[in-house]
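Note sheet for the following structure.
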Amino acid sequence: TNRYLVDNNALIALGRDRVASAFFRAYCQVTTDVLREAEEHPHLAQLQANAYPLTPAVLSQLRTVMTQLTIGDTSLVDLYGNKGTADPGLVASALDAMAANEGVLFHEEWAVVTNDRGVAAAAARHGVVTIKPAELARRVDESD
């Protein structure tokens, strides 16, 4: 089974109908940080109901993600520019989901869905698969 953690930029690219689809509800989640960014989304209640929880294990993974950044690197997080506040949590949540699969016979494959190069680079550093929103859109459309 493929599962997806969806970035806010991907929610916008996917459009309302795909986010409301049965496929999205079954296989896609957003993190609590992405929820904060998507607070104006028309399907916010649905996104909240299926949000990937922020747990101590995710926070531990967040430490791992942040330690891989070099001083001055704003490709993932730019606090002065108010950009990327959800991005490290997205990668950390993917690492948490992947860790939960360890030792499981029938495990789920996780991917982060984003158009953000900084997220994709951080995910790649940690062995997390990323796909573009257009690819997820194709999968949603094919499921109908």
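If you're wondering about the labels, chains in the structure tokens are A, B, ... by order shown, residues count from 1 in each chain, ligands from 1 in order shown.
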
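The environment of segment 92-107 of chain A within 8 Å, counting only C-alpha atoms and disregarding residues fewer than 3 places along the same chain, consists of Thr1, Leu5, Thr31, Tyr52, Leu54, Ala57, Val58, Leu59, Gln61, Leu62, Thr64, Val65, Pro88, Gly89, Trp110, Ala111, Val112, His126 and Val128 of chain A.
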
With a distance cut-off of 9 Å and only C-alpha atoms, select the neighbouring residues of segment 36-48 of chain A, excluding the residue or stretch itself and same-chain residues fewer than 3 positions from it, and output the selection as a PDB file with all heavy atoms, in the first residue's frame.
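Heads up, here's the output in out.pdb:
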ATOM      1  N   ASN A   8       1.472  21.574   1.855  1.00  0.00           N
ATOM      2  CA  ASN A   8       0.457  22.573   1.552  1.00  0.00           C
ATOM      3  C   ASN A   8       0.489  22.980   0.079  1.00  0.00           C
ATOM      4  O   ASN A   8      -0.553  23.158  -0.545  1.00  0.00           O
ATOM      5  CB  ASN A   8       0.619  23.803   2.454  1.00  0.00           C
ATOM      6  CG  ASN A   8      -0.544  24.754   2.339  1.00  0.00           C
ATOM      7  OD1 ASN A   8      -1.694  24.333   2.377  1.00  0.00           O
ATOM      8  ND2 ASN A   8      -0.249  26.025   2.175  1.00  0.00           N
ATOM      9  N   LEU A  11      -1.457  20.476  -1.785  1.00  0.00           N
ATOM     10  CA  LEU A  11      -2.911  20.612  -1.605  1.00  0.00           C
ATOM     11  C   LEU A  11      -3.472  21.622  -2.600  1.00  0.00           C
ATOM     12  O   LEU A  11      -4.508  21.392  -3.216  1.00  0.00           O
ATOM     13  CB  LEU A  11      -3.244  21.073  -0.182  1.00  0.00           C
ATOM     14  CG  LEU A  11      -3.061  20.080   0.950  1.00  0.00           C
ATOM     15  CD1 LEU A  11      -3.298  20.764   2.288  1.00  0.00           C
ATOM     16  CD2 LEU A  11      -3.980  18.886   0.780  1.00  0.00           C
ATOM     17  N   ILE A  12      -2.768  22.718  -2.764  1.00  0.00           N
ATOM     18  CA  ILE A  12      -3.204  23.755  -3.692  1.00  0.00           C
ATOM     19  C   ILE A  12      -3.174  23.222  -5.120  1.00  0.00           C
ATOM     20  O   ILE A  12      -4.125  23.387  -5.879  1.00  0.00           O
ATOM     21  CB  ILE A  12      -2.323  25.013  -3.541  1.00  0.00           C
ATOM     22  CG1 ILE A  12      -2.539  25.633  -2.152  1.00  0.00           C
ATOM     23  CG2 ILE A  12      -2.601  26.023  -4.653  1.00  0.00           C
ATOM     24  CD1 ILE A  12      -1.477  26.630  -1.733  1.00  0.00           C
ATOM     25  N   ARG A  16      -9.532  21.134  -5.116  1.00  0.00           N
ATOM     26  CA  ARG A  16     -10.533  20.701  -4.143  1.00  0.00           C
ATOM     27  C   ARG A  16     -11.107  19.315  -4.411  1.00  0.00           C
ATOM     28  O   ARG A  16     -11.297  18.535  -3.493  1.00  0.00           O
ATOM     29  CB  ARG A  16     -11.684  21.686  -4.109  1.00  0.00           C
ATOM     30  CG  ARG A  16     -11.344  22.973  -3.465  1.00  0.00           C
ATOM     31  CD  ARG A  16     -12.598  23.781  -3.289  1.00  0.00           C
ATOM     32  NE  ARG A  16     -12.375  25.087  -3.868  1.00  0.00           N
ATOM     33  CZ  ARG A  16     -13.296  26.019  -3.927  1.00  0.00           C
ATOM     34  NH1 ARG A  16     -14.499  25.785  -3.471  1.00  0.00           N
ATOM     35  NH2 ARG A  16     -13.031  27.181  -4.443  1.00  0.00           N
ATOM     36  N   VAL A  19      -8.740  16.493  -3.398  1.00  0.00           N
ATOM     37  CA  VAL A  19      -8.587  16.425  -1.938  1.00  0.00           C
ATOM     38  C   VAL A  19      -9.839  15.827  -1.305  1.00  0.00           C
ATOM     39  O   VAL A  19      -9.758  15.133  -0.295  1.00  0.00           O
ATOM     40  CB  VAL A  19      -8.256  17.820  -1.358  1.00  0.00           C
ATOM     41  CG1 VAL A  19      -8.298  17.813   0.157  1.00  0.00           C
ATOM     42  CG2 VAL A  19      -6.882  18.285  -1.847  1.00  0.00           C
ATOM     43  N   ALA A  20     -10.982  16.034  -1.920  1.00  0.00           N
ATOM     44  CA  ALA A  20     -12.238  15.483  -1.393  1.00  0.00           C
ATOM     45  C   ALA A  20     -12.477  14.040  -1.830  1.00  0.00           C
ATOM     46  O   ALA A  20     -13.418  13.406  -1.362  1.00  0.00           O
ATOM     47  CB  ALA A  20     -13.415  16.340  -1.858  1.00  0.00           C
ATOM     48  N   ARG A  25      -8.811  10.569   0.890  1.00  0.00           N
ATOM     49  CA  ARG A  25      -9.211  10.272   2.279  1.00  0.00           C
ATOM     50  C   ARG A  25      -8.607   8.964   2.771  1.00  0.00           C
ATOM     51  O   ARG A  25      -8.285   8.824   3.947  1.00  0.00           O
ATOM     52  CB  ARG A  25     -10.734  10.245   2.398  1.00  0.00           C
ATOM     53  CG  ARG A  25     -11.356  11.627   2.335  1.00  0.00           C
ATOM     54  CD  ARG A  25     -12.834  11.642   2.727  1.00  0.00           C
ATOM     55  NE  ARG A  25     -13.624  10.589   2.125  1.00  0.00           N
ATOM     56  CZ  ARG A  25     -14.209  10.669   0.931  1.00  0.00           C
ATOM     57  NH1 ARG A  25     -14.077  11.744   0.192  1.00  0.00           N
ATOM     58  NH2 ARG A  25     -14.925   9.669   0.472  1.00  0.00           N
ATOM     59  N   GLN A  29      -2.434  11.992   4.002  1.00  0.00           N
ATOM     60  CA  GLN A  29      -2.541  12.698   5.272  1.00  0.00           C
ATOM     61  C   GLN A  29      -1.723  13.983   5.188  1.00  0.00           C
ATOM     62  O   GLN A  29      -0.823  14.103   4.356  1.00  0.00           O
ATOM     63  CB  GLN A  29      -2.010  11.834   6.422  1.00  0.00           C
ATOM     64  CG  GLN A  29      -2.890  10.643   6.740  1.00  0.00           C
ATOM     65  CD  GLN A  29      -2.323   9.841   7.892  1.00  0.00           C
ATOM     66  OE1 GLN A  29      -1.520   8.958   7.670  1.00  0.00           O
ATOM     67  NE2 GLN A  29      -2.745  10.145   9.110  1.00  0.00           N
ATOM     68  N   VAL A  30      -2.036  14.902   6.069  1.00  0.00           N
ATOM     69  CA  VAL A  30      -1.231  16.098   6.242  1.00  0.00           C
ATOM     70  C   VAL A  30      -0.762  16.126   7.697  1.00  0.00           C
ATOM     71  O   VAL A  30      -1.388  15.520   8.564  1.00  0.00           O
ATOM     72  CB  VAL A  30      -2.013  17.388   5.893  1.00  0.00           C
ATOM     73  CG1 VAL A  30      -2.420  17.403   4.432  1.00  0.00           C
ATOM     74  CG2 VAL A  30      -3.219  17.564   6.784  1.00  0.00           C
ATOM     75  N   THR A  31       0.321  16.816   7.940  1.00  0.00           N
ATOM     76  CA  THR A  31       0.822  16.950   9.308  1.00  0.00           C
ATOM     77  C   THR A  31       0.097  18.110   9.989  1.00  0.00           C
ATOM     78  O   THR A  31      -0.550  18.933   9.339  1.00  0.00           O
ATOM     79  CB  THR A  31       2.334  17.225   9.308  1.00  0.00           C
ATOM     80  OG1 THR A  31       2.577  18.484   8.669  1.00  0.00           O
ATOM     81  CG2 THR A  31       3.094  16.113   8.597  1.00  0.00           C
ATOM     82  N   THR A  32       0.223  18.183  11.280  1.00  0.00           N
ATOM     83  CA  THR A  32      -0.413  19.272  12.017  1.00  0.00           C
ATOM     84  C   THR A  32       0.179  20.620  11.598  1.00  0.00           C
ATOM     85  O   THR A  32      -0.526  21.631  11.588  1.00  0.00           O
ATOM     86  CB  THR A  32      -0.292  19.072  13.534  1.00  0.00           C
ATOM     87  OG1 THR A  32       1.076  18.870  13.880  1.00  0.00           O
ATOM     88  CG2 THR A  32      -1.107  17.883  13.994  1.00  0.00           C
ATOM     89  N   ASP A  33       1.456  20.658  11.239  1.00  0.00           N
ATOM     90  CA  ASP A  33       2.074  21.892  10.757  1.00  0.00           C
ATOM     91  C   ASP A  33       1.483  22.322   9.421  1.00  0.00           C
ATOM     92  O   ASP A  33       1.230  23.509   9.190  1.00  0.00           O
ATOM     93  CB  ASP A  33       3.587  21.719  10.597  1.00  0.00           C
ATOM     94  CG  ASP A  33       4.299  21.496  11.910  1.00  0.00           C
ATOM     95  OD1 ASP A  33       3.803  21.987  12.945  1.00  0.00           O
ATOM     96  OD2 ASP A  33       5.351  20.834  11.910  1.00  0.00           O
ATOM     97  N   ALA A  51      -5.406  13.892  10.076  1.00  0.00           N
ATOM     98  CA  ALA A  51      -4.064  14.469  10.188  1.00  0.00           C
ATOM     99  C   ALA A  51      -3.081  13.471  10.796  1.00  0.00           C
ATOM    100  O   ALA A  51      -3.452  12.647  11.639  1.00  0.00           O
ATOM    101  CB  ALA A  51      -4.108  15.724  11.050  1.00  0.00           C
ATOM    102  N   TYR A  52      -1.832  13.547  10.347  1.00  0.00           N
ATOM    103  CA  TYR A  52      -0.779  12.720  10.932  1.00  0.00           C
ATOM    104  C   TYR A  52      -0.407  13.370  12.260  1.00  0.00           C
ATOM    105  O   TYR A  52      -0.029  14.537  12.306  1.00  0.00           O
ATOM    106  CB  TYR A  52       0.439  12.646   9.997  1.00  0.00           C
ATOM    107  CG  TYR A  52       1.385  11.543  10.383  1.00  0.00           C
ATOM    108  CD1 TYR A  52       1.221  10.268   9.863  1.00  0.00           C
ATOM    109  CD2 TYR A  52       2.406  11.762  11.290  1.00  0.00           C
ATOM    110  CE1 TYR A  52       2.071   9.234  10.236  1.00  0.00           C
ATOM    111  CE2 TYR A  52       3.259  10.742  11.668  1.00  0.00           C
ATOM    112  CZ  TYR A  52       3.095   9.484  11.142  1.00  0.00           C
ATOM    113  OH  TYR A  52       3.930   8.453  11.508  1.00  0.00           O
ATOM    114  N   THR A  85       7.943  26.592   7.583  1.00  0.00           N
ATOM    115  CA  THR A  85       7.776  26.199   8.987  1.00  0.00           C
ATOM    116  C   THR A  85       7.242  24.783   9.134  1.00  0.00           C
ATOM    117  O   THR A  85       7.524  24.118  10.124  1.00  0.00           O
ATOM    118  CB  THR A  85       6.859  27.187   9.732  1.00  0.00           C
ATOM    119  OG1 THR A  85       5.621  27.295   9.031  1.00  0.00           O
ATOM    120  CG2 THR A  85       7.498  28.559   9.827  1.00  0.00           C
ATOM    121  N   ALA A  86       6.491  24.290   8.155  1.00  0.00           N
ATOM    122  CA  ALA A  86       5.953  22.927   8.231  1.00  0.00           C
ATOM    123  C   ALA A  86       6.884  21.896   7.605  1.00  0.00           C
ATOM    124  O   ALA A  86       6.717  20.698   7.833  1.00  0.00           O
ATOM    125  CB  ALA A  86       4.594  22.859   7.539  1.00  0.00           C
TER     126      ALA A  86
END

State, in Å with one decimal place, the distance from atom CA of Thr67 of chain A to atom CA of Cys28 of chain A.
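Between these atoms lies a distance of 27.3 Å.
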
Between atom CA of Ile131 of chain A and atom CA of Ile71 of chain A, what is the distance in Å, rounded to a tenth?
27.2 Å

Hey, what does DSSP flag as alpha helix (DSSP H) within chain A? Can you give it to me as a short mmCIF file (atom, residue, chain, number, x, y, z; two decimals) with N, CA and C atoms, in the first residue's frame?
data_model
loop_
_atom_site.label_atom_id
_atom_site.label_comp_id
_atom_site.auth_asym_id
_atom_site.auth_seq_id
_atom_site.Cartn_x
_atom_site.Cartn_y
_atom_site.Cartn_z
N ASN A 8 1.47 21.57 1.85
CA ASN A 8 0.46 22.57 1.55
C ASN A 8 0.49 22.98 0.08
N ASN A 9 1.68 23.11 -0.51
CA ASN A 9 1.75 23.49 -1.92
C ASN A 9 1.13 22.41 -2.80
N ALA A 10 1.18 21.17 -2.36
CA ALA A 10 0.56 20.07 -3.11
C ALA A 10 -0.96 20.11 -2.97
N LEU A 11 -1.46 20.48 -1.78
CA LEU A 11 -2.91 20.61 -1.61
C LEU A 11 -3.47 21.62 -2.60
N ILE A 12 -2.77 22.72 -2.76
CA ILE A 12 -3.20 23.75 -3.69
C ILE A 12 -3.17 23.22 -5.12
N ALA A 13 -2.09 22.55 -5.48
CA ALA A 13 -1.93 22.02 -6.84
C ALA A 13 -2.96 20.93 -7.16
N LEU A 14 -3.33 20.14 -6.17
CA LEU A 14 -4.27 19.04 -6.40
C LEU A 14 -5.68 19.54 -6.67
N ARG A 16 -9.53 21.13 -5.12
CA ARG A 16 -10.53 20.70 -4.14
C ARG A 16 -11.11 19.31 -4.41
N ASP A 17 -11.42 19.02 -5.67
CA ASP A 17 -12.07 17.75 -5.98
C ASP A 17 -11.19 16.55 -5.62
N ARG A 18 -9.91 16.64 -5.93
CA ARG A 18 -9.00 15.53 -5.61
C ARG A 18 -8.82 15.38 -4.11
N VAL A 19 -8.74 16.49 -3.40
CA VAL A 19 -8.59 16.43 -1.94
C VAL A 19 -9.84 15.83 -1.31
N ALA A 22 -12.26 9.92 -2.49
CA ALA A 22 -12.13 8.74 -1.62
C ALA A 22 -10.67 8.29 -1.54
N PHE A 23 -9.94 8.37 -2.66
CA PHE A 23 -8.53 7.99 -2.67
C PHE A 23 -7.74 8.85 -1.69
N PHE A 24 -7.94 10.16 -1.75
CA PHE A 24 -7.21 11.06 -0.86
C PHE A 24 -7.53 10.75 0.59
N ARG A 25 -8.81 10.57 0.89
CA ARG A 25 -9.21 10.27 2.28
C ARG A 25 -8.61 8.96 2.77
N ALA A 26 -8.44 7.99 1.88
CA ALA A 26 -7.94 6.67 2.27
C ALA A 26 -6.42 6.62 2.39
N TYR A 27 -5.71 7.36 1.55
CA TYR A 27 -4.26 7.16 1.45
C TYR A 27 -3.41 8.39 1.74
N THR A 32 0.22 18.18 11.28
CA THR A 32 -0.41 19.27 12.02
C THR A 32 0.18 20.62 11.60
N ASP A 33 1.46 20.66 11.24
CA ASP A 33 2.07 21.89 10.76
C ASP A 33 1.48 22.32 9.42
N VAL A 34 1.26 21.37 8.53
CA VAL A 34 0.65 21.69 7.24
C VAL A 34 -0.79 22.17 7.46
N LEU A 35 -1.47 21.58 8.42
CA LEU A 35 -2.84 22.03 8.74
C LEU A 35 -2.85 23.51 9.09
N ARG A 36 -1.86 23.93 9.84
CA ARG A 36 -1.78 25.34 10.24
C ARG A 36 -1.63 26.23 9.00
N GLU A 37 -0.82 25.78 8.04
CA GLU A 37 -0.64 26.54 6.81
C GLU A 37 -1.90 26.52 5.94
N LEU A 44 -10.93 21.68 5.23
CA LEU A 44 -10.11 21.67 6.44
C LEU A 44 -10.58 20.62 7.44
N ALA A 45 -11.88 20.47 7.64
CA ALA A 45 -12.40 19.50 8.61
C ALA A 45 -11.98 18.08 8.23
N GLN A 46 -12.05 17.76 6.95
CA GLN A 46 -11.61 16.44 6.48
C GLN A 46 -10.12 16.26 6.73
N LEU A 47 -9.33 17.29 6.43
CA LEU A 47 -7.88 17.21 6.63
C LEU A 47 -7.55 17.04 8.11
N GLN A 48 -8.26 17.76 8.96
CA GLN A 48 -8.03 17.65 10.40
C GLN A 48 -8.38 16.25 10.92
N ALA A 49 -9.44 15.67 10.39
CA ALA A 49 -9.88 14.35 10.85
C ALA A 49 -8.87 13.26 10.53
N PRO A 56 5.71 12.41 20.38
CA PRO A 56 7.12 12.47 20.80
C PRO A 56 8.06 11.77 19.81
N ALA A 57 7.60 10.71 19.17
CA ALA A 57 8.43 10.02 18.18
C ALA A 57 8.69 10.91 16.97
N VAL A 58 7.69 11.68 16.54
CA VAL A 58 7.88 12.62 15.43
C VAL A 58 8.86 13.71 15.85
N LEU A 59 8.72 14.20 17.06
CA LEU A 59 9.65 15.23 17.55
C LEU A 59 11.08 14.70 17.60
N SER A 60 11.24 13.45 17.95
CA SER A 60 12.58 12.84 17.94
C SER A 60 13.13 12.80 16.53
N GLN A 61 12.28 12.46 15.56
CA GLN A 61 12.71 12.45 14.16
C GLN A 61 13.01 13.87 13.68
N LEU A 62 12.29 14.85 14.21
CA LEU A 62 12.53 16.24 13.85
C LEU A 62 13.94 16.67 14.24
N ARG A 63 14.38 16.20 15.38
CA ARG A 63 15.75 16.48 15.81
C ARG A 63 16.73 15.93 14.79
N THR A 64 16.47 14.72 14.29
CA THR A 64 17.33 14.10 13.28
C THR A 64 17.35 14.94 12.00
N VAL A 65 16.20 15.40 11.56
CA VAL A 65 16.11 16.21 10.34
C VAL A 65 16.89 17.52 10.51
N MET A 66 16.70 18.18 11.64
CA MET A 66 17.32 19.48 11.84
C MET A 66 18.83 19.39 12.01
N THR A 67 19.33 18.30 12.55
CA THR A 67 20.78 18.18 12.72
C THR A 67 21.51 18.01 11.40
N ASP A 87 7.86 22.34 6.85
CA ASP A 87 8.66 21.42 6.05
C ASP A 87 9.49 20.41 6.85
N PRO A 88 10.19 20.82 7.90
CA PRO A 88 10.94 19.81 8.67
C PRO A 88 10.02 18.77 9.31
N GLY A 89 8.85 19.21 9.77
CA GLY A 89 7.89 18.29 10.36
C GLY A 89 7.34 17.29 9.37
N LEU A 90 7.24 17.71 8.12
CA LEU A 90 6.77 16.82 7.06
C LEU A 90 7.76 15.67 6.86
N VAL A 91 9.04 16.01 6.78
CA VAL A 91 10.07 14.98 6.61
C VAL A 91 10.15 14.11 7.87
N ALA A 92 10.07 14.74 9.05
CA ALA A 92 10.13 13.99 10.31
C ALA A 92 8.95 13.02 10.43
N SER A 93 7.78 13.45 10.01
CA SER A 93 6.60 12.57 10.07
C SER A 93 6.76 11.39 9.12
N ALA A 94 7.34 11.64 7.95
CA ALA A 94 7.60 10.54 7.01
C ALA A 94 8.58 9.54 7.62
N LEU A 95 9.62 10.04 8.28
CA LEU A 95 10.58 9.15 8.93
C LEU A 95 9.90 8.34 10.04
N ASP A 96 9.01 8.99 10.78
CA ASP A 96 8.27 8.30 11.84
C ASP A 96 7.39 7.20 11.26
N ALA A 97 6.69 7.51 10.17
CA ALA A 97 5.81 6.52 9.52
C ALA A 97 6.63 5.34 8.99
N MET A 98 7.79 5.64 8.43
CA MET A 98 8.66 4.58 7.91
C MET A 98 9.20 3.72 9.05
N ALA A 99 9.55 4.34 10.17
CA ALA A 99 10.06 3.59 11.32
C ALA A 99 9.00 2.66 11.88
N ALA A 100 7.74 3.08 11.83
CA ALA A 100 6.65 2.24 12.32
C ALA A 100 6.49 0.99 11.47
N ARG A 117 11.61 22.24 -3.44
CA ARG A 117 12.93 21.63 -3.64
C ARG A 117 13.66 21.39 -2.33
N GLY A 118 13.48 22.29 -1.36
CA GLY A 118 14.13 22.12 -0.06
C GLY A 118 13.61 20.89 0.67
N VAL A 119 12.31 20.67 0.60
CA VAL A 119 11.71 19.48 1.21
C VAL A 119 12.22 18.23 0.51
N ALA A 120 12.22 18.26 -0.82
CA ALA A 120 12.68 17.10 -1.59
C ALA A 120 14.14 16.77 -1.27
N ALA A 121 14.97 17.78 -1.14
CA ALA A 121 16.39 17.56 -0.82
C ALA A 121 16.55 16.99 0.58
N ALA A 122 15.81 17.54 1.55
CA ALA A 122 15.89 17.03 2.92
C ALA A 122 15.37 15.60 2.99
N ALA A 123 14.28 15.33 2.29
CA ALA A 123 13.73 13.98 2.27
C ALA A 123 14.75 13.00 1.68
N ALA A 124 15.38 13.39 0.59
CA ALA A 124 16.37 12.52 -0.06
C ALA A 124 17.54 12.22 0.87
N ARG A 125 17.96 13.21 1.64
CA ARG A 125 19.06 12.99 2.60
C ARG A 125 18.72 11.90 3.61
N PRO A 133 3.06 16.80 -6.96
CA PRO A 133 1.59 16.78 -6.91
C PRO A 133 0.96 16.26 -8.20
N ALA A 134 1.58 16.52 -9.33
CA ALA A 134 1.02 16.03 -10.61
C ALA A 134 0.96 14.51 -10.63
N GLU A 135 1.95 13.85 -10.04
CA GLU A 135 1.95 12.38 -9.99
C GLU A 135 0.84 11.88 -9.07
N LEU A 136 0.66 12.52 -7.92
CA LEU A 136 -0.44 12.13 -7.04
C LEU A 136 -1.79 12.41 -7.71
N ALA A 137 -1.89 13.52 -8.42
CA ALA A 137 -3.13 13.85 -9.14
C ALA A 137 -3.46 12.73 -10.14
N ARG A 138 -2.44 12.24 -10.84
CA ARG A 138 -2.66 11.15 -11.80
C ARG A 138 -3.18 9.92 -11.08
N ARG A 139 -2.60 9.58 -9.93
CA ARG A 139 -3.02 8.40 -9.17
C ARG A 139 -4.45 8.57 -8.65
N VAL A 140 -4.79 9.76 -8.19
CA VAL A 140 -6.16 10.02 -7.73
C VAL A 140 -7.13 9.85 -8.89
N ASP A 141 -6.79 10.46 -10.03
CA ASP A 141 -7.67 10.39 -11.20
C ASP A 141 -7.86 8.96 -11.69
N GLU A 142 -6.79 8.17 -11.66
CA GLU A 142 -6.88 6.77 -12.10
C GLU A 142 -7.71 5.92 -11.15
N SER A 143 -7.84 6.32 -9.91
CA SER A 143 -8.59 5.54 -8.93
C SER A 143 -10.09 5.71 -9.09
#
